[in-house]
Amino acid sequence: MPKYVKSRARKEFDADVDRLIRAVRDAFSSKCKLPNVREHVLASVMLQGSAKMEFYLTSLISDWVDRANASALQTDDLPLSLRAYGFNEQALAGAYAQFLAFGSEVDLLERLAGRLNNPSNYFAINGQHCPELQAEKLWKDRKYPSGKNLKILFNRFGIAKIFDELAKSAKSDLGLLLDSFNDVRTELAHEGIPPGLTPGDIRSKLRSAQRFISHVDRVFFKNLELLGAAPLWTP
């Protein structure tokens, strides 16, 4: 059984957050005497921390897709939900939406006829060479690390209840941790530094983001392992 090792994306995320934490320490050291600079640093590192979480998710998935596309996979090697997502392209969903709205079978059949040779159709058939996956399509609308987005994003990869899996991994409710991080990030973005927020609070939030991502990384690896797809991991 393959042993978990940090993904390339997680190692980069950890290094980035460590740099943000050092920036907070530098800003609040005896060398810095400018209160405005300190406030800007606190707000900036939280916003950057959130952006680094987004970048982690896109890197994790992009690395997986790159390896999957280079591995001559068959459709059977993919999670069923990922196959269904690949098959259900926007144009196909749009054709049925038009039919439900207007009831024109002629228009529906014309739209579907134009898609008969589309490679995405092979996702629906067992034993076919897997059509090329597009990483950006998988994460583009769900890369912001909210609870709702993560549930939808990881369901596409066969992890139906990501926060249940994270709770098993961490032995605690990481959904609360993520909500707390996002609440502070949003308040800083829209209202500035709230009264009583300290540099220690910010460092703690950044460390909590590292803890959250560490378990996302482990859960995603475990899912690949269960699928027999651990070789698609990028350490």
# chains A, B, ... in the order shown; residues from 1 in each chain; ligands from 1

$ residues_around --residues "stretch 37-51 of chain A" --least-positions-apart "5" --cutoff "8 Å" --atoms "only C-alpha atoms" --output "JSON list (two decimals) with N, CA, C and O atoms, in the first residue's frame"
[["chain", "number", "residue", "atom", "x", "y", "z"],
["A", 17, "VAL", "N", 2.84, 29.98, 2.91],
["A", 17, "VAL", "CA", 2.24, 30.42, 4.17],
["A", 17, "VAL", "C", 3.33, 30.72, 5.21],
["A", 17, "VAL", "O", 3.20, 31.68, 5.98],
["A", 20, "LEU", "N", 4.39, 34.15, 4.61],
["A", 20, "LEU", "CA", 3.41, 35.13, 5.08],
["A", 20, "LEU", "C", 3.51, 35.31, 6.60],
["A", 20, "LEU", "O", 3.41, 36.43, 7.11],
["A", 21, "ILE", "N", 3.71, 34.23, 7.30],
["A", 21, "ILE", "CA", 3.85, 34.31, 8.76],
["A", 21, "ILE", "C", 5.11, 35.09, 9.13],
["A", 21, "ILE", "O", 5.10, 35.91, 10.07],
["A", 23, "ALA", "N", 6.37, 37.44, 7.38],
["A", 23, "ALA", "CA", 6.08, 38.84, 7.08],
["A", 23, "ALA", "C", 5.36, 39.52, 8.24],
["A", 23, "ALA", "O", 5.63, 40.68, 8.57],
["A", 24, "VAL", "N", 4.44, 38.80, 8.88],
["A", 24, "VAL", "CA", 3.75, 39.35, 10.06],
["A", 24, "VAL", "C", 4.74, 39.60, 11.18],
["A", 24, "VAL", "O", 4.73, 40.66, 11.84],
["A", 27, "ALA", "N", 6.83, 42.64, 10.42],
["A", 27, "ALA", "CA", 6.07, 43.90, 10.54],
["A", 27, "ALA", "C", 5.87, 44.31, 11.98],
["A", 27, "ALA", "O", 5.78, 45.51, 12.29],
["A", 28, "PHE", "N", 5.78, 43.35, 12.89],
["A", 28, "PHE", "CA", 5.53, 43.65, 14.29],
["A", 28, "PHE", "C", 6.78, 43.49, 15.15],
["A", 28, "PHE", "O", 6.69, 43.42, 16.37],
["A", 145, "PRO", "N", -12.05, 28.71, -1.93],
["A", 145, "PRO", "CA", -12.18, 27.66, -0.91],
["A", 145, "PRO", "C", -13.31, 27.88, 0.10],
["A", 145, "PRO", "O", -13.08, 27.98, 1.30],
["A", 182, "ASN", "N", -12.32, 31.96, 6.61],
["A", 182, "ASN", "CA", -12.99, 32.74, 5.57],
["A", 182, "ASN", "C", -13.72, 33.95, 6.14],
["A", 182, "ASN", "O", -13.78, 35.01, 5.49],
["A", 184, "VAL", "N", -12.82, 35.78, 8.77],
["A", 184, "VAL", "CA", -11.82, 36.82, 9.04],
["A", 184, "VAL", "C", -11.32, 37.42, 7.73],
["A", 184, "VAL", "O", -11.19, 38.64, 7.60],
["A", 185, "ARG", "N", -11.08, 36.57, 6.76],
["A", 185, "ARG", "CA", -10.61, 37.05, 5.45],
["A", 185, "ARG", "C", -11.62, 38.03, 4.84],
["A", 185, "ARG", "O", -11.26, 39.09, 4.34],
["A", 188, "LEU", "N", -11.74, 41.41, 6.80],
["A", 188, "LEU", "CA", -10.59, 42.23, 6.47],
["A", 188, "LEU", "C", -10.71, 42.84, 5.08],
["A", 188, "LEU", "O", -10.33, 43.99, 4.86],
["A", 189, "ALA", "N", -11.25, 42.08, 4.14],
["A", 189, "ALA", "CA", -11.36, 42.56, 2.76],
["A", 189, "ALA", "C", -12.37, 43.69, 2.63],
["A", 189, "ALA", "O", -12.20, 44.61, 1.82],
["A", 192, "GLY", "N", -11.80, 46.20, 6.86],
["A", 192, "GLY", "CA", -10.53, 46.55, 7.48],
["A", 192, "GLY", "C", -10.28, 45.75, 8.74],
["A", 192, "GLY", "O", -10.97, 44.78, 9.03],
["A", 193, "ILE", "N", -9.28, 46.17, 9.51],
["A", 193, "ILE", "CA", -8.87, 45.44, 10.71],
["A", 193, "ILE", "C", -9.92, 45.58, 11.80],
["A", 193, "ILE", "O", -10.20, 46.69, 12.27],
["A", 199, "PRO", "N", -1.67, 40.27, 15.83],
["A", 199, "PRO", "CA", -0.80, 39.51, 14.93],
["A", 199, "PRO", "C", -0.82, 38.02, 15.24],
["A", 199, "PRO", "O", -0.76, 37.19, 14.34],
["A", 202, "ILE", "N", -3.73, 36.40, 13.56],
["A", 202, "ILE", "CA", -3.51, 36.20, 12.12],
["A", 202, "ILE", "C", -2.59, 35.02, 11.88],
["A", 202, "ILE", "O", -2.84, 34.17, 11.00],
["A", 206, "LEU", "N", -3.46, 31.55, 9.78],
["A", 206, "LEU", "CA", -2.64, 31.02, 8.69],
["A", 206, "LEU", "C", -2.20, 29.59, 8.98],
["A", 206, "LEU", "O", -2.18, 28.74, 8.08],
["A", 209, "ALA", "N", -5.02, 27.35, 8.26],
["A", 209, "ALA", "CA", -5.15, 27.09, 6.82],
["A", 209, "ALA", "C", -4.19, 25.98, 6.40],
["A", 209, "ALA", "O", -4.55, 25.11, 5.60]]

$ select_by_dssp --residues "stretch 20-155 of chain A" --states "helix (DSSP H, G or I)" --output "VMD selection string"
chain A and resid 20 to 27 35 to 69 75 to 77 80 to 87 90 to 102 105 to 113 119 to 124 135 to 139 147 to 155

$ residues_around --residues "stretch 52-69 of chain A" --least-positions-apart "6" --cutoff "8 Å" --atoms "only C-alpha atoms" --output "NGL selection string"
:A and (7-10 or 12-13 or 16-17 or 132-136 or 138-139 or 143-145 or 209 or 213 or 232-234)

$ atom_distance --atom1 "atom CA of A:Gly127" --atom2 "atom CA of A:Asp76"
6.0 Å
